[in-house]
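Peer 1: The structure under discussion is supplied below as structure tokens; questions concerning it will follow.
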Amino acid sequence: MAADPAAIVFTSGSEGRPKGVVLNHSNILADIFAVKCQIDVNEDDILFNAIPIFHAFGLTIGIILPILLGFRSFNCFSSIRASLVPELIYDTQATVVIAIDTFAWAWGRNAHPCDFNSVRFMLLGAEKLKSRTREFYAKKNWRTSV
């Protein structure tokens with residue numbers, strides 16, 4: 001049933017004590033449909049997911065969205081150096097990237113101009129998008145929309 005529990009994700013405690021939050025099937029599908037309404041993804045896309053799956057955004061958009069819509073994904077949950085991630089994005093030829101602002105800011109500062117050539121969209125969530133990050137990517141003239 002749509003209201004039945006589907007997953008439990010854990011908060012960071014930014015608004016108090018960390019806690020487990022139950023997501024039901026409707027919650028997960030609502031996240032997926034919201035993203036699908038905003039970006040045009042298809043079976044030719046490759047998603048680069050840098051948000052751990054214990055986070056709602058990482059789970060729903062990073063894992064479940066590609067499965068439901070039938071496109072490939074690459075999950076990078078390691079705390080590897082920011083200088084290596086742009087290379088991984090380049091190597092995987094990712095067309096969609098999901099991350100948090102802090103990661104995207106660090107990657108952009110370490111990226112070669114070709115590293116993001118394949119990226120059509122960058123979805124940043126789980127923390128507020130800072131204007132410096134949006135402006136930085138816009139000034140770089142990469143194809144990427146943030």
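Note on naming: chains are A, B, ... as they come in the structure tokens, residues start from 1 per chain, ligands start from 1 in the order shown.
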What residues in segment 67-96 of chain A get the DSSP label helix (DSSP H, G or I)? Please answer as a list in words.
Peer 2: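 Those residues are Ile67, Leu68, Leu69, Val85, Pro86, Glu87, Leu88, Ile89, Tyr90, Asp91 and Thr92 of chain A.
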Peer 1: Give me, as JSON lines, the closest atom pair and its distance (Å, one decimal) for every residue of segment 45-135 of chain A within a cut-off of 9 Å of segment 38-41 of chain A, counting only C-alpha atoms, rows sorted by chain and rising number.
Peer 2:
```
{"residue": "A:Asp45", "atom": "CA", "partner": "A:Val41", "partner_atom": "CA", "distance": 6.3}
{"residue": "A:Leu69", "atom": "CA", "partner": "A:Val41", "partner_atom": "CA", "distance": 8.1}
{"residue": "A:Phe71", "atom": "CA", "partner": "A:Val41", "partner_atom": "CA", "distance": 8.4}
{"residue": "A:Val96", "atom": "CA", "partner": "A:Val41", "partner_atom": "CA", "distance": 8.3}
{"residue": "A:Phe121", "atom": "CA", "partner": "A:Ile39", "partner_atom": "CA", "distance": 7.8}
```
Peer 1: Work out how far apart atom CA of Trp105 of chain A and atom CA of Ala126 of chain A are and give it in Å to one decimal.
Peer 2: 14.1 Å
Peer 1: What does the structure give for the distance between atom CA of Pro66 of chain A and atom CA of Asn42 of chain A, in Å to one decimal?
Peer 2: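 Between atom CA of Pro66 of chain A and atom CA of Asn42 of chain A the gap works out to 9.1 Å.
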Peer 1: Of the candidates A:Asn49, A:Thr60, A:Thr95, A:Ser83, which shows the shortest atom-to-atom distance to Val9 of chain A, using only C-alpha atoms?
Peer 2: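 Distance minimum relative to Val9 of chain A lands on A:Thr60.
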Peer 1: Report the distance between atom CA of Leu59 of chain A and atom CA of Ala2 of chain A in Å, rounded to one decimal place.
Peer 2: 17.4 Å
Peer 1: Let me make sure I understand: among A:His25, A:Lys128, A:His112, A:Lys19, which one has the smallest atom-to-atom distance to Ile100 of chain A if we use only C-alpha atoms?
Peer 2: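 Under the stated criterion, the closest residue is A:Lys128.
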Peer 1: Would you pick out the contacts of Val85 of chain A at 12 Å or less, using only C-alpha atoms, so that residues sharing its chain but fewer than 5 positions from it are not included, and give the list as a VMD selection string?
Peer 2: chain A and resid 48 to 50 74 to 80 90 to 92 94 97 99 103 to 112 115 to 116
Peer 1: Give me, as a PDB file with all heavy atoms, in the first residue's frame, all polymer residues having an atom no more than 12 Å from Leu68 of chain A, counting only C-alpha atoms and skipping those fewer than 4 positions away in the same chain.
Peer 2:
```pdb
ATOM      1  N   ILE A  28       8.437   8.412  -1.434  1.00  0.00           N
ATOM      2  CA  ILE A  28       9.511   8.121  -2.386  1.00  0.00           C
ATOM      3  C   ILE A  28       9.073   8.458  -3.801  1.00  0.00           C
ATOM      4  O   ILE A  28       9.802   9.120  -4.558  1.00  0.00           O
ATOM      5  CB  ILE A  28       9.971   6.662  -2.257  1.00  0.00           C
ATOM      6  CG1 ILE A  28      10.670   6.473  -0.897  1.00  0.00           C
ATOM      7  CG2 ILE A  28      10.873   6.249  -3.415  1.00  0.00           C
ATOM      8  CD1 ILE A  28      10.980   5.046  -0.532  1.00  0.00           C
ATOM      9  N   LEU A  29       7.872   8.039  -4.166  1.00  0.00           N
ATOM     10  CA  LEU A  29       7.382   8.334  -5.515  1.00  0.00           C
ATOM     11  C   LEU A  29       7.188   9.831  -5.735  1.00  0.00           C
ATOM     12  O   LEU A  29       7.440  10.342  -6.828  1.00  0.00           O
ATOM     13  CB  LEU A  29       6.089   7.574  -5.798  1.00  0.00           C
ATOM     14  CG  LEU A  29       6.270   6.065  -5.978  1.00  0.00           C
ATOM     15  CD1 LEU A  29       4.920   5.378  -6.148  1.00  0.00           C
ATOM     16  CD2 LEU A  29       7.182   5.764  -7.167  1.00  0.00           C
ATOM     17  N   ILE A  32      10.536  11.289  -6.626  1.00  0.00           N
ATOM     18  CA  ILE A  32      10.911  10.900  -7.981  1.00  0.00           C
ATOM     19  C   ILE A  32      10.121  11.688  -9.016  1.00  0.00           C
ATOM     20  O   ILE A  32      10.694  12.217  -9.974  1.00  0.00           O
ATOM     21  CB  ILE A  32      10.733   9.380  -8.163  1.00  0.00           C
ATOM     22  CG1 ILE A  32      11.810   8.666  -7.337  1.00  0.00           C
ATOM     23  CG2 ILE A  32      10.797   8.979  -9.632  1.00  0.00           C
ATOM     24  CD1 ILE A  32      11.605   7.183  -7.189  1.00  0.00           C
ATOM     25  N   PHE A  33       8.816  11.816  -8.824  1.00  0.00           N
ATOM     26  CA  PHE A  33       8.001  12.566  -9.778  1.00  0.00           C
ATOM     27  C   PHE A  33       8.372  14.046  -9.787  1.00  0.00           C
ATOM     28  O   PHE A  33       8.348  14.691 -10.833  1.00  0.00           O
ATOM     29  CB  PHE A  33       6.506  12.388  -9.495  1.00  0.00           C
ATOM     30  CG  PHE A  33       6.015  11.001  -9.810  1.00  0.00           C
ATOM     31  CD1 PHE A  33       5.174  10.340  -8.929  1.00  0.00           C
ATOM     32  CD2 PHE A  33       6.391  10.337 -10.966  1.00  0.00           C
ATOM     33  CE1 PHE A  33       4.720   9.056  -9.200  1.00  0.00           C
ATOM     34  CE2 PHE A  33       5.943   9.053 -11.249  1.00  0.00           C
ATOM     35  CZ  PHE A  33       5.094   8.414 -10.361  1.00  0.00           C
ATOM     36  N   LYS A  36      11.472  14.258 -11.862  1.00  0.00           N
ATOM     37  CA  LYS A  36      11.123  13.948 -13.250  1.00  0.00           C
ATOM     38  C   LYS A  36      10.404  15.119 -13.916  1.00  0.00           C
ATOM     39  O   LYS A  36      10.576  15.362 -15.105  1.00  0.00           O
ATOM     40  CB  LYS A  36      10.261  12.673 -13.292  1.00  0.00           C
ATOM     41  CG  LYS A  36       9.885  12.219 -14.671  1.00  0.00           C
ATOM     42  CD  LYS A  36      11.081  11.703 -15.450  1.00  0.00           C
ATOM     43  CE  LYS A  36      10.608  11.134 -16.772  1.00  0.00           C
ATOM     44  NZ  LYS A  36      11.296  11.678 -17.906  1.00  0.00           N
ATOM     45  N   VAL A  41      15.061  13.167 -18.032  1.00  0.00           N
ATOM     46  CA  VAL A  41      16.007  12.054 -18.006  1.00  0.00           C
ATOM     47  C   VAL A  41      15.458  10.923 -18.859  1.00  0.00           C
ATOM     48  O   VAL A  41      14.253  10.762 -18.990  1.00  0.00           O
ATOM     49  CB  VAL A  41      16.296  11.562 -16.564  1.00  0.00           C
ATOM     50  CG1 VAL A  41      17.110  12.580 -15.804  1.00  0.00           C
ATOM     51  CG2 VAL A  41      15.032  11.241 -15.821  1.00  0.00           C
ATOM     52  N   ASN A  42      16.370  10.153 -19.439  1.00  0.00           N
ATOM     53  CA  ASN A  42      15.943   9.038 -20.283  1.00  0.00           C
ATOM     54  C   ASN A  42      16.944   7.895 -20.160  1.00  0.00           C
ATOM     55  O   ASN A  42      17.937   8.004 -19.436  1.00  0.00           O
ATOM     56  CB  ASN A  42      15.786   9.500 -21.733  1.00  0.00           C
ATOM     57  CG  ASN A  42      17.074  10.044 -22.300  1.00  0.00           C
ATOM     58  OD1 ASN A  42      18.076   9.332 -22.374  1.00  0.00           O
ATOM     59  ND2 ASN A  42      17.072  11.312 -22.696  1.00  0.00           N
ATOM     60  N   GLU A  43      16.714   6.826 -20.898  1.00  0.00           N
ATOM     61  CA  GLU A  43      17.540   5.619 -20.769  1.00  0.00           C
ATOM     62  C   GLU A  43      18.986   5.832 -21.217  1.00  0.00           C
ATOM     63  O   GLU A  43      19.853   5.015 -20.932  1.00  0.00           O
ATOM     64  CB  GLU A  43      16.915   4.443 -21.531  1.00  0.00           C
ATOM     65  CG  GLU A  43      16.827   4.627 -23.025  1.00  0.00           C
ATOM     66  CD  GLU A  43      15.592   5.391 -23.498  1.00  0.00           C
ATOM     67  OE1 GLU A  43      14.731   5.729 -22.667  1.00  0.00           O
ATOM     68  OE2 GLU A  43      15.490   5.644 -24.705  1.00  0.00           O
ATOM     69  N   THR A  60      16.311   8.094  -2.839  1.00  0.00           N
ATOM     70  CA  THR A  60      15.217   8.196  -3.817  1.00  0.00           C
ATOM     71  C   THR A  60      15.707   8.591  -5.205  1.00  0.00           C
ATOM     72  O   THR A  60      15.324   7.972  -6.194  1.00  0.00           O
ATOM     73  CB  THR A  60      14.126   9.184  -3.349  1.00  0.00           C
ATOM     74  OG1 THR A  60      14.705  10.475  -3.157  1.00  0.00           O
ATOM     75  CG2 THR A  60      13.465   8.716  -2.082  1.00  0.00           C
ATOM     76  N   ILE A  61      16.556   9.593  -5.281  1.00  0.00           N
ATOM     77  CA  ILE A  61      16.989  10.084  -6.590  1.00  0.00           C
ATOM     78  C   ILE A  61      18.247   9.361  -7.073  1.00  0.00           C
ATOM     79  O   ILE A  61      18.390   9.087  -8.258  1.00  0.00           O
ATOM     80  CB  ILE A  61      17.222  11.615  -6.546  1.00  0.00           C
ATOM     81  CG1 ILE A  61      15.968  12.328  -6.007  1.00  0.00           C
ATOM     82  CG2 ILE A  61      17.610  12.140  -7.922  1.00  0.00           C
ATOM     83  CD1 ILE A  61      14.656  11.941  -6.690  1.00  0.00           C
ATOM     84  N   GLY A  62      19.136   9.025  -6.163  1.00  0.00           N
ATOM     85  CA  GLY A  62      20.374   8.367  -6.557  1.00  0.00           C
ATOM     86  C   GLY A  62      20.241   6.890  -6.860  1.00  0.00           C
ATOM     87  O   GLY A  62      20.967   6.357  -7.697  1.00  0.00           O
ATOM     88  N   ILE A  63      19.335   6.220  -6.184  1.00  0.00           N
ATOM     89  CA  ILE A  63      19.207   4.766  -6.346  1.00  0.00           C
ATOM     90  C   ILE A  63      17.895   4.374  -7.034  1.00  0.00           C
ATOM     91  O   ILE A  63      17.893   3.687  -8.051  1.00  0.00           O
ATOM     92  CB  ILE A  63      19.306   4.047  -4.978  1.00  0.00           C
ATOM     93  CG1 ILE A  63      20.634   4.360  -4.275  1.00  0.00           C
ATOM     94  CG2 ILE A  63      19.093   2.547  -5.129  1.00  0.00           C
ATOM     95  CD1 ILE A  63      21.863   3.832  -4.976  1.00  0.00           C
ATOM     96  N   ILE A  64      16.775   4.810  -6.478  1.00  0.00           N
ATOM     97  CA  ILE A  64      15.475   4.329  -6.970  1.00  0.00           C
ATOM     98  C   ILE A  64      15.092   4.947  -8.316  1.00  0.00           C
ATOM     99  O   ILE A  64      14.580   4.247  -9.192  1.00  0.00           O
ATOM    100  CB  ILE A  64      14.384   4.547  -5.902  1.00  0.00           C
ATOM    101  CG1 ILE A  64      14.747   3.748  -4.641  1.00  0.00           C
ATOM    102  CG2 ILE A  64      13.015   4.141  -6.430  1.00  0.00           C
ATOM    103  CD1 ILE A  64      13.843   3.978  -3.452  1.00  0.00           C
ATOM    104  N   ARG A  72      21.407   4.147 -16.270  1.00  0.00           N
ATOM    105  CA  ARG A  72      22.561   3.734 -15.486  1.00  0.00           C
ATOM    106  C   ARG A  72      22.908   4.763 -14.413  1.00  0.00           C
ATOM    107  O   ARG A  72      22.612   5.944 -14.547  1.00  0.00           O
ATOM    108  CB  ARG A  72      23.769   3.518 -16.388  1.00  0.00           C
ATOM    109  CG  ARG A  72      23.569   2.353 -17.339  1.00  0.00           C
ATOM    110  CD  ARG A  72      24.719   2.215 -18.295  1.00  0.00           C
ATOM    111  NE  ARG A  72      24.643   3.351 -19.236  1.00  0.00           N
ATOM    112  CZ  ARG A  72      25.637   3.739 -20.007  1.00  0.00           C
ATOM    113  NH1 ARG A  72      26.794   3.136 -19.957  1.00  0.00           N
ATOM    114  NH2 ARG A  72      25.494   4.748 -20.836  1.00  0.00           N
ATOM    115  N   SER A  73      23.575   4.270 -13.366  1.00  0.00           N
ATOM    116  CA  SER A  73      24.030   5.178 -12.315  1.00  0.00           C
ATOM    117  C   SER A  73      25.383   4.706 -11.786  1.00  0.00           C
ATOM    118  O   SER A  73      25.738   3.536 -11.880  1.00  0.00           O
ATOM    119  CB  SER A  73      23.013   5.265 -11.181  1.00  0.00           C
ATOM    120  OG  SER A  73      22.877   4.029 -10.531  1.00  0.00           O
TER     121      SER A  73
END
```
Peer 1: Need to verify the contact set: Leu23 of chain A, 9 Å, only C-alpha atoms, exclusion of same-chain residues closer than 4 positions in sequence. Can you return it as a list in words?
Peer 2: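 Once the adjacent positions are removed, what remains is Ala3, Asp4, Pro5, Ala6, Ala7, Ile8, Val9, Asn27, Ile28 and Ala56 of chain A.
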